[in-house]
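Peer 1: Pasting a structure here, questions to come.
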Amino acid sequence: MENHLLEVKGVDVLYGDVQAVWDLSIHVDEGAIVALVGANGAGKTTLLKTISGIIHAKRGEILFSGKSLAKLSPQEVVDKGISHVPEGRRLFSKLTVLENLKLGAYPPRARPLSAKSLERAYDLFPVLKERKNQTAGSLSGGEQQMLAIARALMAQPDLLMLDEPSLGLSPILVRTMFELICTLNNQKVTILLVEQNIHQALKIANQAYVLKTGKIAMSGRGDELLANQEVQKAYIGERWSKR
Amino acid sequence: MKEKRAIILTVLVTIAFAIVPFFLDVTTSYFGYFLFLSFCYTVIAQGWNLVAGYTGQISMGQHAFFGLGAYTTAIIWLHDITKTGYYFDPVTMILSGLVPVILAIIIGIPLLSRLRGDYFALGTLGVGEIIKVIFVKGGAFTGASDGLHLRSTVFESMKPYYWTSLFLALFATAVVYFLTRSRVGLALRAIREDETSAASHGIHLLKYKIFAFAVGAFLAGICGSLYGIYLFHINPDSVLKLDWTLYPILMCVIGGTGTIMGPVIGAFFMNALFVVTDIYLVQLHPIVAGMLIILVMKFMPRGLIGLIDTIKSRRL
Amino acid sequence: MLKYLSVGLIAQLLVNGILFGTMYGIAAIGLSLIFGTMRIIFIAQGTMIIFLAYICYWLFTLLGIDPYLSLIIIVPLSLLLGMGIYQALFKEAAALEDKNISLLIAIGLMFLMENLMTVIWTGNPRSILTIYTSLVFRPIGIDLTFTRLVALLMAVLSTAGVVLFLKKTLIGMAVRAASEDMVSAALVGIGPHRVNAVAFAIGIGLAGIAGVSLATIYPFDPFYGFIFVLKALISLALGGIGNVFGALLGGIILGLLESLASFFLSGGWSDAISYAVFLLVLMFKPEGLFVRSIQKA
């Protein structure tokens with residue numbers, strides 16, 4: 001039995017009476033990039049929210065480094081080493097870039113390293129250093145996405161979860177985003193990625209899962225799935241399958 | 001089946017209450033007064049129940065409607081507007097209920113369309129205060145702070161008041177009962193659960209909210225009318241005090257907001273509690289009221305009825 | 001009445017209004033902080049102010065402690081009280097979807113406290129008289145009451161203190177962040193209960209300062225708290241929730257409004273006008289009078 005960094009086992013999640021996720025099991029290995037892809041409403045965001053503690057699973061187990069995340073609140077989950085960048089970024093728009101970053105290092109485990117984390121953030125995203133005293137709400141879409149990721153990194157996470165980081169970005173920025181994700185991964189950040197942009201996501205993923213209506217339809221290595229006929233037809237379209 | 005049982009029970013209880021005056025001298029007995037007051041509170045509480053329990057808006061202006069009802073009755077009599085000169089005149093009472101309805105609609109349209117939750121509660125509070133000022137400043141027409149004095153009532157006995165209040169309490173409960181089971185009630189509950197969803201299903205939010213608000217106002221108004229006759233001296237301090245909002249809220253909440261019998265149970269329970277505390281110290285009962293509301297909200301936010309439901313479902 | 005009008009009189013009314021209004025202002029700031037995090041209108045704020053005013057009064061009457069000196073006791077006391085009240089009464093309710101429950105608890109608290117104070121301390125109005133409470137300065141012919149000036153000073157200092165706290169400390173930033181987006185705040189590690197408790201504590205701390213100001217300026221009784229919180233709410237509505245300076249300014253505007261209205265109209269009407277203004281602002285400009293340009297989200 002391998003030791004996975006994150007293990008989700010047989011998880012059921014409900015919104016009130018409506019079931020969104022059915023008996024879902026995935027795992028994330030340390031140092032990997034794992035992609036969750038699938039149509040809207042397939043349960044990808046729900047799964048991330050369940051892992052980070054915003055909602056709680058009705059059934060099943062979630063283990064991080066072997067320890068259960070079951071009863072933890074979101075702020076406790078962050079302190080365990082999982083950072084979740086939600087869909088739509090959700091920055092503190094009325095606070096400055098610097099304030100957003102500083103708050104990123106709020107959890108006790110990250111606070112002593114706050115200054116160093118800030119340096120690292122500025123190295124990765126020089127534009128944030130330039131705009132450090134501007135309010136987050138005044139940044140452009142791409143800059144906001146970078147701030148959101150930088151803020152999440154301030155918590156010194158062992159696992160970084162990104163929900164639709166390329167949403168709303170121009171094609172050039174999308175490419176930059178995915179290059180960034182690879183860079184982070186090279187710096188030893190394990191990444192769980194939820195994406196609508198299936199092509200790019202599968203290209204960089206070591207491991208991927210295709211979700212459909214709350215269940216896993218397919219799983220495998222990123223390049224395998226990319227080459228898979230069904231995946232291509234269903235999600236990527238005929239044009240791409242010729243490449 | 002459970003429904004039939006409930007209805008039969010209600011009828012029996014009502015009959016039981018109705019025959020009390022034949023066994024007890026309600027004019028002199030404290031118990032008679034206790035029942036009278038409990039019925040009155042029930043009426044106002046049911047009105048609040050409809051607004052808060054079924055549409056989810058907390059109104060803190062019931063005392064304004066209550067006072068308005070009392071004043072309307074007084075003014076109608078003193079100026080003999082209905083030319084009836086007869087003291088227990090349903091026409092006067094209905095008119096006294098309608099005036100608050102007019103107010104409810106006038107303020108309801110702006111308040112309910114723009115304010116939510118806390119803001120709405122504040123808005124109704126503000127309106128209540130404005131009404132109080134208006135009555136104090138109303139000069140001879142409203143008697144200013146001394147208020148209006150009615151000729152002391154022809155009826156020396158408590159019985160007519162007792163039966164009227166019983167009737168009103170039954171009426172109020174029936175109104176809530178029938179409304180909630182009607183299409184209107186469904187719409188109201190949809191609004192309480194999820195406004196946006198209700199709106200997207202074509203439910204005209206404002207119309208229904210105002211309707212509930214107006215019914216609540218009507219109930220408070222007719223109760224005010226009755227109480228005004230009972231007191232026969234109507235002044236701002238006695239009929240426009242915040243207690244007339246707070247106590248019914250408390251009773252509804254303790255019994256169970258959003259249920260049909262909740263306000264009834266709550267009214268009797270709280271009133272009984274007040275009677276008990278009055279034995280020790282009269283000023284104690286608002287303190288008890290405040291403490292109770294906190295405890296109930298913390299530990300049984302669904303009220304006594306909710307508690308009973310929980311116990312029943314645990315036993316299953 | 002108009003023949004008594006003069007510049008001096010108007011100036012006097014304005015000054016009185018401003019000085020009194022600062023008390024409404026700091027009460028409003030407290031309300032704003034509590035609303036920002038817990039999303040409820042803490043309607044018992046006024047009653048808390050009265051309670052702390054009573055404490056100030058008793059410290060003076062029984063122990064001879066000067067009101068302004070008593071701040072040393074009252075401010076920490078109110079901060080602790082705030083934290084205690086949050087833990088005991090609002091902690092679980094704040095986490096619920098239904099905000100009405102917290103609102104009802106606040107209503108219950110108000111009711112409980114004002115009646116408890118009436119029973120224990122009677123409903124008679126109280127005021128503090130020291131050597132300086134009747135001290136008045138008369139520069140350029142306008143009466144400036146010493147105690148009101150001190151109240152203004154305390155208001156300005158506390159406002160500055162709160163602003164510094166919110167801007168410069170990490171926990172202050174956390175409060176601001178949580179006020180904007182509680183879920184996102186949790187995702188960066190900010191626990192809702194921590195920020196709620198801090199905001200609440202500061203809210204009551206400000207009530208303590210307002211209480212001391214009130215005790216030295218104006219006679220008070222247990223039921224005045226309700227009227228006071230209504231005024232604080234009006235100030236908050238004028239200033240806009242989330243805007244600390246706005247709340248203070250809102251209070252000052254209200255003070256001015258009241259001062260002028262109660263001079264030109266008889267007492268009761270000025271209250272009615274305040275409430276009417278309140279309703280109008282709530283309905284037509286709920287974000288307050290001082291909104292700056294809207295930022296991109």
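Ordered as shown in the structure tokens, chains take letters A, B, and onward, while each chain numbers its residues from 1 and ligands are numbered from 1 in the order shown.
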Find the residues around A:Glu143 up to 10 Å (only C-alpha atoms counted), leave out those fewer than 4 positions away in its own chain, and share them as JSON, numbers by chain.

Peer 2: {"A": [125, 127, 128, 131, 136, 138, 139, 147, 148, 149, 173]}

Peer 1: Going by DSSP on the backbone, which bits of stretch 7-212 of chain A are strand (DSSP E or B)? Write them as an MDAnalysis selection string, please.

Peer 2: chainID A and resid 7:15 18:28 33:38 59:64 67:68 82:85 96 135 159:163 190:195 207:212

Peer 1: Taking only C-alpha atoms into account, produce a table as JSON lines in which each residue of chain B with an atom at most 6 Å from an atom of chain C appears once, together with its shortest atom pair and the distance in Å to one decimal, ordered by chain and rising number.

Peer 2:
```
{"residue": "B:Arg114", "atom": "CA", "partner": "C:Met283", "partner_atom": "CA", "distance": 5.9}
{"residue": "B:Gly126", "atom": "CA", "partner": "C:Tyr275", "partner_atom": "CA", "distance": 5.6}
{"residue": "B:Ile130", "atom": "CA", "partner": "C:Ala272", "partner_atom": "CA", "distance": 5.1}
{"residue": "B:Val133", "atom": "CA", "partner": "C:Gly268", "partner_atom": "CA", "distance": 5.9}
{"residue": "B:Ile287", "atom": "CA", "partner": "C:Leu112", "partner_atom": "CA", "distance": 4.6}
{"residue": "B:Gly290", "atom": "CA", "partner": "C:Leu112", "partner_atom": "CA", "distance": 4.2}
{"residue": "B:Met291", "atom": "CA", "partner": "C:Leu112", "partner_atom": "CA", "distance": 5.9}
{"residue": "B:Ile293", "atom": "CA", "partner": "C:Gly108", "partner_atom": "CA", "distance": 5.3}
{"residue": "B:Ile294", "atom": "CA", "partner": "C:Ile105", "partner_atom": "CA", "distance": 4.8}
```

Peer 1: Store the residues picked out above, limited to C-alpha atoms, as a CSV table (one decimal), in the first residue's frame.

Peer 2:
```csv
chain,number,residue,atom,x,y,z
B,114,ARG,CA,-36.2,47.5,0.1
B,126,GLY,CA,-38.7,53.4,13.6
B,130,ILE,CA,-42.9,57.8,14.8
B,133,VAL,CA,-44.8,60.8,18.6
B,287,ILE,CA,-36.5,40.5,33.3
B,290,GLY,CA,-35.6,38.9,28.5
B,291,MET,CA,-33.8,36.0,30.1
B,293,ILE,CA,-35.9,34.8,25.1
B,294,ILE,CA,-32.2,34.4,25.3
```

Peer 1: Could you list, with a cut-off of 12 Å and counting only C-alpha atoms, the residues of chain C near chain A, each shown with its nearest atom pair and the distance in Å rounded to one decimal, rows sorted by chain and ascending number, as JSON lines?

Peer 2:
```
{"residue": "C:Leu166", "atom": "CA", "partner": "A:Leu95", "partner_atom": "CA", "distance": 10.8}
{"residue": "C:Lys167", "atom": "CA", "partner": "A:Glu99", "partner_atom": "CA", "distance": 9.0}
{"residue": "C:Lys168", "atom": "CA", "partner": "A:Glu99", "partner_atom": "CA", "distance": 9.6}
{"residue": "C:Thr169", "atom": "CA", "partner": "A:Glu99", "partner_atom": "CA", "distance": 10.2}
{"residue": "C:Leu170", "atom": "CA", "partner": "A:Leu103", "partner_atom": "CA", "distance": 7.2}
{"residue": "C:Ile171", "atom": "CA", "partner": "A:Leu103", "partner_atom": "CA", "distance": 8.9}
{"residue": "C:Gly172", "atom": "CA", "partner": "A:Leu103", "partner_atom": "CA", "distance": 10.4}
{"residue": "C:Met173", "atom": "CA", "partner": "A:Glu99", "partner_atom": "CA", "distance": 7.2}
{"residue": "C:Ala174", "atom": "CA", "partner": "A:Leu103", "partner_atom": "CA", "distance": 6.9}
{"residue": "C:Val175", "atom": "CA", "partner": "A:Leu103", "partner_atom": "CA", "distance": 10.6}
{"residue": "C:Arg176", "atom": "CA", "partner": "A:Leu95", "partner_atom": "CA", "distance": 7.9}
{"residue": "C:Ala177", "atom": "CA", "partner": "A:Phe92", "partner_atom": "CA", "distance": 5.8}
{"residue": "C:Ala178", "atom": "CA", "partner": "A:Phe92", "partner_atom": "CA", "distance": 8.6}
{"residue": "C:Ser179", "atom": "CA", "partner": "A:Phe92", "partner_atom": "CA", "distance": 9.4}
{"residue": "C:Glu180", "atom": "CA", "partner": "A:Phe92", "partner_atom": "CA", "distance": 6.6}
{"residue": "C:Asp181", "atom": "CA", "partner": "A:Phe92", "partner_atom": "CA", "distance": 7.1}
{"residue": "C:Met182", "atom": "CA", "partner": "A:Phe92", "partner_atom": "CA", "distance": 9.9}
{"residue": "C:Val183", "atom": "CA", "partner": "A:Ile54", "partner_atom": "CA", "distance": 7.7}
{"residue": "C:Ser184", "atom": "CA", "partner": "A:Arg90", "partner_atom": "CA", "distance": 6.4}
{"residue": "C:Ala185", "atom": "CA", "partner": "A:Gln75", "partner_atom": "CA", "distance": 8.2}
{"residue": "C:Ala186", "atom": "CA", "partner": "A:Gln75", "partner_atom": "CA", "distance": 4.9}
{"residue": "C:Leu187", "atom": "CA", "partner": "A:Pro74", "partner_atom": "CA", "distance": 5.6}
{"residue": "C:Val188", "atom": "CA", "partner": "A:Gly104", "partner_atom": "CA", "distance": 5.4}
{"residue": "C:Gly189", "atom": "CA", "partner": "A:Gln75", "partner_atom": "CA", "distance": 3.9}
{"residue": "C:Ile190", "atom": "CA", "partner": "A:Gln75", "partner_atom": "CA", "distance": 5.8}
{"residue": "C:Gly191", "atom": "CA", "partner": "A:Gln75", "partner_atom": "CA", "distance": 5.7}
{"residue": "C:Pro192", "atom": "CA", "partner": "A:Gln75", "partner_atom": "CA", "distance": 8.8}
{"residue": "C:His193", "atom": "CA", "partner": "A:Gln75", "partner_atom": "CA", "distance": 10.8}
{"residue": "C:Arg194", "atom": "CA", "partner": "A:Gln75", "partner_atom": "CA", "distance": 10.9}
{"residue": "C:Gly242", "atom": "CA", "partner": "A:Lys94", "partner_atom": "CA", "distance": 10.7}
{"residue": "C:Asn243", "atom": "CA", "partner": "A:Lys94", "partner_atom": "CA", "distance": 11.6}
{"residue": "C:Ser293", "atom": "CA", "partner": "A:Ser138", "partner_atom": "CA", "distance": 11.8}
{"residue": "C:Ile294", "atom": "CA", "partner": "A:Gly137", "partner_atom": "CA", "distance": 9.8}
{"residue": "C:Gln295", "atom": "CA", "partner": "A:Gly137", "partner_atom": "CA", "distance": 6.1}
{"residue": "C:Lys296", "atom": "CA", "partner": "A:Gly137", "partner_atom": "CA", "distance": 5.1}
{"residue": "C:Ala297", "atom": "CA", "partner": "A:Gly137", "partner_atom": "CA", "distance": 5.1}
```

Peer 1: Save out the residues we just selected, C-alpha atoms, as a PDB file, in the first residue's frame.

Peer 2:
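Ended up saving to selection.pdb:
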```
ATOM      1  CA  LEU C 166      -7.875  47.716  11.897  1.00  0.00           C
ATOM      2  CA  LYS C 167      -5.115  48.872   9.616  1.00  0.00           C
ATOM      3  CA  LYS C 168      -1.933  48.045  11.414  1.00  0.00           C
ATOM      4  CA  THR C 169      -2.471  44.876  13.350  1.00  0.00           C
ATOM      5  CA  LEU C 170      -2.769  41.449  11.817  1.00  0.00           C
ATOM      6  CA  ILE C 171      -5.905  40.666  13.754  1.00  0.00           C
ATOM      7  CA  GLY C 172      -7.381  43.995  12.733  1.00  0.00           C
ATOM      8  CA  MET C 173      -6.724  43.110   9.113  1.00  0.00           C
ATOM      9  CA  ALA C 174      -8.311  39.766   9.779  1.00  0.00           C
ATOM     10  CA  VAL C 175     -11.433  41.514  11.062  1.00  0.00           C
ATOM     11  CA  ARG C 176     -11.611  43.608   7.917  1.00  0.00           C
ATOM     12  CA  ALA C 177     -11.056  40.579   5.738  1.00  0.00           C
ATOM     13  CA  ALA C 178     -13.698  38.549   7.549  1.00  0.00           C
ATOM     14  CA  SER C 179     -16.152  41.415   7.278  1.00  0.00           C
ATOM     15  CA  GLU C 180     -15.742  41.279   3.558  1.00  0.00           C
ATOM     16  CA  ASP C 181     -15.786  37.532   3.022  1.00  0.00           C
ATOM     17  CA  MET C 182     -16.011  35.194   5.957  1.00  0.00           C
ATOM     18  CA  VAL C 183     -15.553  32.010   3.945  1.00  0.00           C
ATOM     19  CA  SER C 184     -12.438  33.236   2.171  1.00  0.00           C
ATOM     20  CA  ALA C 185     -11.095  34.353   5.496  1.00  0.00           C
ATOM     21  CA  ALA C 186     -11.551  30.866   6.849  1.00  0.00           C
ATOM     22  CA  LEU C 187      -9.704  29.518   3.840  1.00  0.00           C
ATOM     23  CA  VAL C 188      -6.641  31.548   4.726  1.00  0.00           C
ATOM     24  CA  GLY C 189      -6.816  30.391   8.293  1.00  0.00           C
ATOM     25  CA  ILE C 190      -8.870  33.097   9.992  1.00  0.00           C
ATOM     26  CA  GLY C 191     -11.322  31.540  12.392  1.00  0.00           C
ATOM     27  CA  PRO C 192     -14.736  33.227  12.406  1.00  0.00           C
ATOM     28  CA  HIS C 193     -15.123  32.968  16.156  1.00  0.00           C
ATOM     29  CA  ARG C 194     -11.881  34.733  16.797  1.00  0.00           C
ATOM     30  CA  GLY C 242     -18.024  49.388   7.201  1.00  0.00           C
ATOM     31  CA  ASN C 243     -16.889  52.984   7.177  1.00  0.00           C
ATOM     32  CA  SER C 293     -16.467  55.202  -6.014  1.00  0.00           C
ATOM     33  CA  ILE C 294     -17.227  51.535  -6.291  1.00  0.00           C
ATOM     34  CA  GLN C 295     -14.171  49.372  -6.808  1.00  0.00           C
ATOM     35  CA  LYS C 296     -13.891  46.429  -9.132  1.00  0.00           C
ATOM     36  CA  ALA C 297     -14.558  43.216  -7.347  1.00  0.00           C
TER      37      ALA C 297
END
```

Peer 1: Mind listing the alpha helix (DSSP H) residues of stretch 156-289 of chain B, per DSSP on the backbone, as number ranges by chain?

Peer 2: B: 159-181, 183-193, 195-200, 205-231, 236-239, 243-255, 262-280, 284-289

Peer 1: Save out the residues we just selected, C-alpha atoms, as an mmCIF file, in the first residue's frame.

Peer 2:
```cif
data_model
loop_
_atom_site.group_PDB
_atom_site.id
_atom_site.type_symbol
_atom_site.label_atom_id
_atom_site.label_comp_id
_atom_site.auth_asym_id
_atom_site.auth_seq_id
_atom_site.Cartn_x
_atom_site.Cartn_y
_atom_site.Cartn_z
ATOM 1 C CA LYS B 159 -67.866 38.284 30.572
ATOM 2 C CA PRO B 160 -68.311 40.053 27.237
ATOM 3 C CA TYR B 161 -64.632 40.900 27.149
ATOM 4 C CA TYR B 162 -63.756 37.363 28.009
ATOM 5 C CA TRP B 163 -65.839 35.796 25.306
ATOM 6 C CA THR B 164 -64.843 38.354 22.717
ATOM 7 C CA SER B 165 -61.195 37.769 23.437
ATOM 8 C CA LEU B 166 -61.711 34.034 23.250
ATOM 9 C CA PHE B 167 -63.435 34.485 19.942
ATOM 10 C CA LEU B 168 -60.623 36.675 18.642
ATOM 11 C CA ALA B 169 -58.002 34.185 19.744
ATOM 12 C CA LEU B 170 -59.854 31.424 17.961
ATOM 13 C CA PHE B 171 -60.312 33.641 14.938
ATOM 14 C CA ALA B 172 -56.632 34.534 14.816
ATOM 15 C CA THR B 173 -55.567 30.931 15.099
ATOM 16 C CA ALA B 174 -58.080 29.920 12.444
ATOM 17 C CA VAL B 175 -56.797 32.627 10.138
ATOM 18 C CA VAL B 176 -53.264 31.345 10.458
ATOM 19 C CA TYR B 177 -54.458 27.782 10.047
ATOM 20 C CA PHE B 178 -56.441 28.385 6.893
ATOM 21 C CA LEU B 179 -53.965 30.756 5.365
ATOM 22 C CA THR B 180 -51.077 28.411 5.759
ATOM 23 C CA ARG B 181 -52.938 25.588 4.135
ATOM 24 C CA ARG B 183 -52.106 28.589 -1.877
ATOM 25 C CA VAL B 184 -51.208 31.787 -0.134
ATOM 26 C CA GLY B 185 -49.609 29.812 2.634
ATOM 27 C CA LEU B 186 -47.576 27.798 0.188
ATOM 28 C CA ALA B 187 -46.325 30.963 -1.393
ATOM 29 C CA LEU B 188 -45.437 32.397 2.005
ATOM 30 C CA ARG B 189 -43.487 29.357 2.965
ATOM 31 C CA ALA B 190 -41.686 29.350 -0.349
ATOM 32 C CA ILE B 191 -40.679 32.929 0.349
ATOM 33 C CA ARG B 192 -39.378 32.046 3.758
ATOM 34 C CA GLU B 193 -37.314 29.152 2.475
ATOM 35 C CA GLU B 195 -36.781 34.180 -1.795
ATOM 36 C CA THR B 196 -34.838 34.127 -5.013
ATOM 37 C CA SER B 197 -36.124 30.723 -5.897
ATOM 38 C CA ALA B 198 -39.668 31.732 -5.046
ATOM 39 C CA ALA B 199 -39.383 34.815 -7.208
ATOM 40 C CA SER B 200 -38.058 32.810 -10.092
ATOM 41 C CA LEU B 205 -42.779 38.550 -3.375
ATOM 42 C CA LEU B 206 -43.966 41.980 -2.410
ATOM 43 C CA LYS B 207 -47.634 41.195 -2.749
ATOM 44 C CA TYR B 208 -47.424 38.241 -0.427
ATOM 45 C CA LYS B 209 -45.176 39.883 2.106
ATOM 46 C CA ILE B 210 -47.486 42.855 2.335
ATOM 47 C CA PHE B 211 -50.465 40.569 2.619
ATOM 48 C CA ALA B 212 -48.952 38.770 5.594
ATOM 49 C CA PHE B 213 -47.875 42.048 7.114
ATOM 50 C CA ALA B 214 -51.364 43.493 6.684
ATOM 51 C CA VAL B 215 -53.031 40.477 8.241
ATOM 52 C CA GLY B 216 -50.657 40.749 11.185
ATOM 53 C CA ALA B 217 -51.573 44.400 11.482
ATOM 54 C CA PHE B 218 -55.282 43.638 11.351
ATOM 55 C CA LEU B 219 -55.017 41.120 14.141
ATOM 56 C CA ALA B 220 -52.987 43.455 16.309
ATOM 57 C CA GLY B 221 -55.483 46.208 15.563
ATOM 58 C CA ILE B 222 -58.606 44.357 16.566
ATOM 59 C CA CYS B 223 -56.915 43.192 19.702
ATOM 60 C CA GLY B 224 -55.974 46.774 20.437
ATOM 61 C CA SER B 225 -59.553 47.765 19.913
ATOM 62 C CA LEU B 226 -60.780 45.247 22.447
ATOM 63 C CA TYR B 227 -58.127 46.097 24.947
ATOM 64 C CA GLY B 228 -58.834 49.770 24.511
ATOM 65 C CA ILE B 229 -62.457 49.219 25.358
ATOM 66 C CA TYR B 230 -61.392 47.213 28.352
ATOM 67 C CA LEU B 231 -59.035 49.853 29.623
ATOM 68 C CA PRO B 236 -49.546 56.324 24.513
ATOM 69 C CA ASP B 237 -47.906 54.781 27.532
ATOM 70 C CA SER B 238 -50.435 52.045 27.910
ATOM 71 C CA VAL B 239 -51.209 51.070 24.352
ATOM 72 C CA ASP B 243 -44.094 45.500 25.511
ATOM 73 C CA TRP B 244 -46.981 44.943 23.142
ATOM 74 C CA THR B 245 -44.471 43.930 20.517
ATOM 75 C CA LEU B 246 -41.914 42.216 22.669
ATOM 76 C CA TYR B 247 -44.178 39.957 24.682
ATOM 77 C CA PRO B 248 -46.053 38.517 21.716
ATOM 78 C CA ILE B 249 -42.713 37.948 19.979
ATOM 79 C CA LEU B 250 -41.446 36.176 23.034
ATOM 80 C CA MET B 251 -44.568 34.056 23.303
ATOM 81 C CA CYS B 252 -44.492 33.113 19.678
ATOM 82 C CA VAL B 253 -40.832 32.250 19.873
ATOM 83 C CA ILE B 254 -41.205 30.164 22.996
ATOM 84 C CA GLY B 255 -44.141 28.291 21.640
ATOM 85 C CA GLY B 262 -47.009 27.679 18.967
ATOM 86 C CA PRO B 263 -48.258 31.198 19.754
ATOM 87 C CA VAL B 264 -51.166 29.795 21.730
ATOM 88 C CA ILE B 265 -48.993 27.608 23.895
ATOM 89 C CA GLY B 266 -46.435 30.349 24.211
ATOM 90 C CA ALA B 267 -48.998 32.927 25.262
ATOM 91 C CA PHE B 268 -50.422 30.784 28.011
ATOM 92 C CA PHE B 269 -47.066 29.584 29.197
ATOM 93 C CA MET B 270 -45.467 33.014 29.363
ATOM 94 C CA ASN B 271 -48.464 34.661 30.891
ATOM 95 C CA ALA B 272 -48.591 31.978 33.539
ATOM 96 C CA LEU B 273 -44.915 32.527 34.192
ATOM 97 C CA PHE B 274 -45.529 36.228 34.577
ATOM 98 C CA VAL B 275 -48.288 35.589 37.057
ATOM 99 C CA VAL B 276 -45.966 33.431 39.103
ATOM 100 C CA THR B 277 -43.164 35.966 39.088
ATOM 101 C CA ASP B 278 -45.597 38.754 39.876
ATOM 102 C CA ILE B 279 -46.196 37.071 43.183
ATOM 103 C CA TYR B 280 -42.640 37.817 44.122
ATOM 104 C CA LEU B 284 -39.528 40.836 37.709
ATOM 105 C CA HIS B 285 -41.485 39.721 34.750
ATOM 106 C CA PRO B 286 -39.810 41.756 32.039
ATOM 107 C CA ILE B 287 -36.513 40.466 33.342
ATOM 108 C CA VAL B 288 -37.749 36.939 33.156
ATOM 109 C CA ALA B 289 -39.029 37.666 29.686
#
```

Peer 1: I'd like the neighbourhood of A:Glu30 as a PDB file with N, CA and C atoms, in the first residue's frame, where a residue qualifies if any of its atoms comes within 8 Å (using only C-alpha atoms), though same-chain residues fewer than 3 positions away should be ignored.

Peer 2:
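File produced: result31.pdb:
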```
ATOM      1  N   HIS A   4      -0.157   7.817   0.252  1.00  0.00           N
ATOM      2  CA  HIS A   4      -0.510   8.997  -0.523  1.00  0.00           C
ATOM      3  C   HIS A   4      -0.547  10.200   0.371  1.00  0.00           C
ATOM      4  N   LEU A   5      -0.277  11.358  -0.202  1.00  0.00           N
ATOM      5  CA  LEU A   5      -0.344  12.584   0.592  1.00  0.00           C
ATOM      6  C   LEU A   5      -1.797  12.849   0.988  1.00  0.00           C
ATOM      7  N   THR A 190       2.883  20.209  -4.132  1.00  0.00           N
ATOM      8  CA  THR A 190       1.947  19.247  -4.691  1.00  0.00           C
ATOM      9  C   THR A 190       0.673  19.984  -5.074  1.00  0.00           C
TER      10      THR A 190
END
```

Peer 1: Within 12 Å of A:Lys215, counting only C-alpha atoms, which residues show up once you throw out same-chain ones fewer than 4 positions away? Write them as a list in words, please.

Peer 2: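 Once the nearby chain positions are removed, what remains is Gly10, Val11, Asp12, Val13, Gln19, Ala20, Val21, Trp22, Asp23, Leu24, Ser25, Ile26, Leu36, Val37, Gly38, Ala39, Gly41, Ala42, Gly43, Lys44, Thr46, Leu47, Tyr209, Val210, Leu211 and Ser219 of chain A.
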
Peer 1: Might you pull out every residue within 12 Å of stretch 132-138 of chain C, with only C-alpha atoms counted and same-chain residues fewer than 5 positions away left off, and present them as a count of residues only?

Peer 2: 22

Peer 1: Got a sec: who's within 10 Å of B:Gly306, counting only C-alpha atoms, leaving out chain neighbours fewer than 2 positions off, as a list in words?

Peer 2: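 Non-adjacent residues within range: Ile254, Gly255, Gly256, Thr257, Thr259, Gly262, Met300, Pro301, Arg302, Gly303, Leu304, Ile308, Asp309, Thr310, Ile311 and Lys312 of chain B.
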
Peer 1: Write a file of the just-selected residues containing N, CA and C atoms, as a short mmCIF file (atom, residue, chain, number, x, y, z; two decimals), in the first residue's frame.

Peer 2:
```cif
data_model
loop_
_atom_site.label_atom_id
_atom_site.label_comp_id
_atom_site.auth_asym_id
_atom_site.auth_seq_id
_atom_site.Cartn_x
_atom_site.Cartn_y
_atom_site.Cartn_z
N ILE B 254 -41.27 31.26 22.03
CA ILE B 254 -41.21 30.16 23.00
C ILE B 254 -42.09 29.02 22.58
N GLY B 255 -43.25 29.35 22.06
CA GLY B 255 -44.14 28.29 21.64
C GLY B 255 -43.64 27.63 20.37
N GLY B 256 -43.09 28.43 19.49
CA GLY B 256 -42.62 27.88 18.22
C GLY B 256 -43.12 28.72 17.06
N THR B 257 -42.22 29.54 16.52
CA THR B 257 -42.63 30.36 15.38
C THR B 257 -42.87 29.48 14.19
N THR B 259 -45.45 27.76 13.58
CA THR B 259 -46.38 26.65 13.82
C THR B 259 -47.73 27.27 14.12
N GLY B 262 -48.13 27.09 18.24
CA GLY B 262 -47.01 27.68 18.97
C GLY B 262 -47.38 28.93 19.73
N MET B 300 -33.48 26.16 22.51
CA MET B 300 -34.54 25.56 21.72
C MET B 300 -35.11 26.58 20.74
N PRO B 301 -34.36 26.90 19.72
CA PRO B 301 -34.82 27.94 18.81
C PRO B 301 -36.12 27.60 18.10
N ARG B 302 -36.49 26.35 18.13
CA ARG B 302 -37.77 26.05 17.50
C ARG B 302 -38.92 26.05 18.49
N GLY B 303 -38.64 26.47 19.69
CA GLY B 303 -39.71 26.63 20.65
C GLY B 303 -40.17 25.32 21.28
N LEU B 304 -41.23 25.43 22.07
CA LEU B 304 -41.73 24.25 22.77
C LEU B 304 -42.24 23.21 21.79
N ILE B 308 -41.04 19.40 21.45
CA ILE B 308 -41.92 18.23 21.48
C ILE B 308 -41.69 17.37 20.25
N ASP B 309 -41.57 18.03 19.11
CA ASP B 309 -41.30 17.27 17.88
C ASP B 309 -40.01 16.49 17.98
N THR B 310 -38.98 17.16 18.52
CA THR B 310 -37.69 16.49 18.64
C THR B 310 -37.79 15.28 19.54
N ILE B 311 -38.50 15.46 20.67
CA ILE B 311 -38.64 14.34 21.60
C ILE B 311 -39.39 13.20 20.92
N LYS B 312 -40.44 13.58 20.20
CA LYS B 312 -41.24 12.53 19.54
C LYS B 312 -40.41 11.79 18.51
#
```
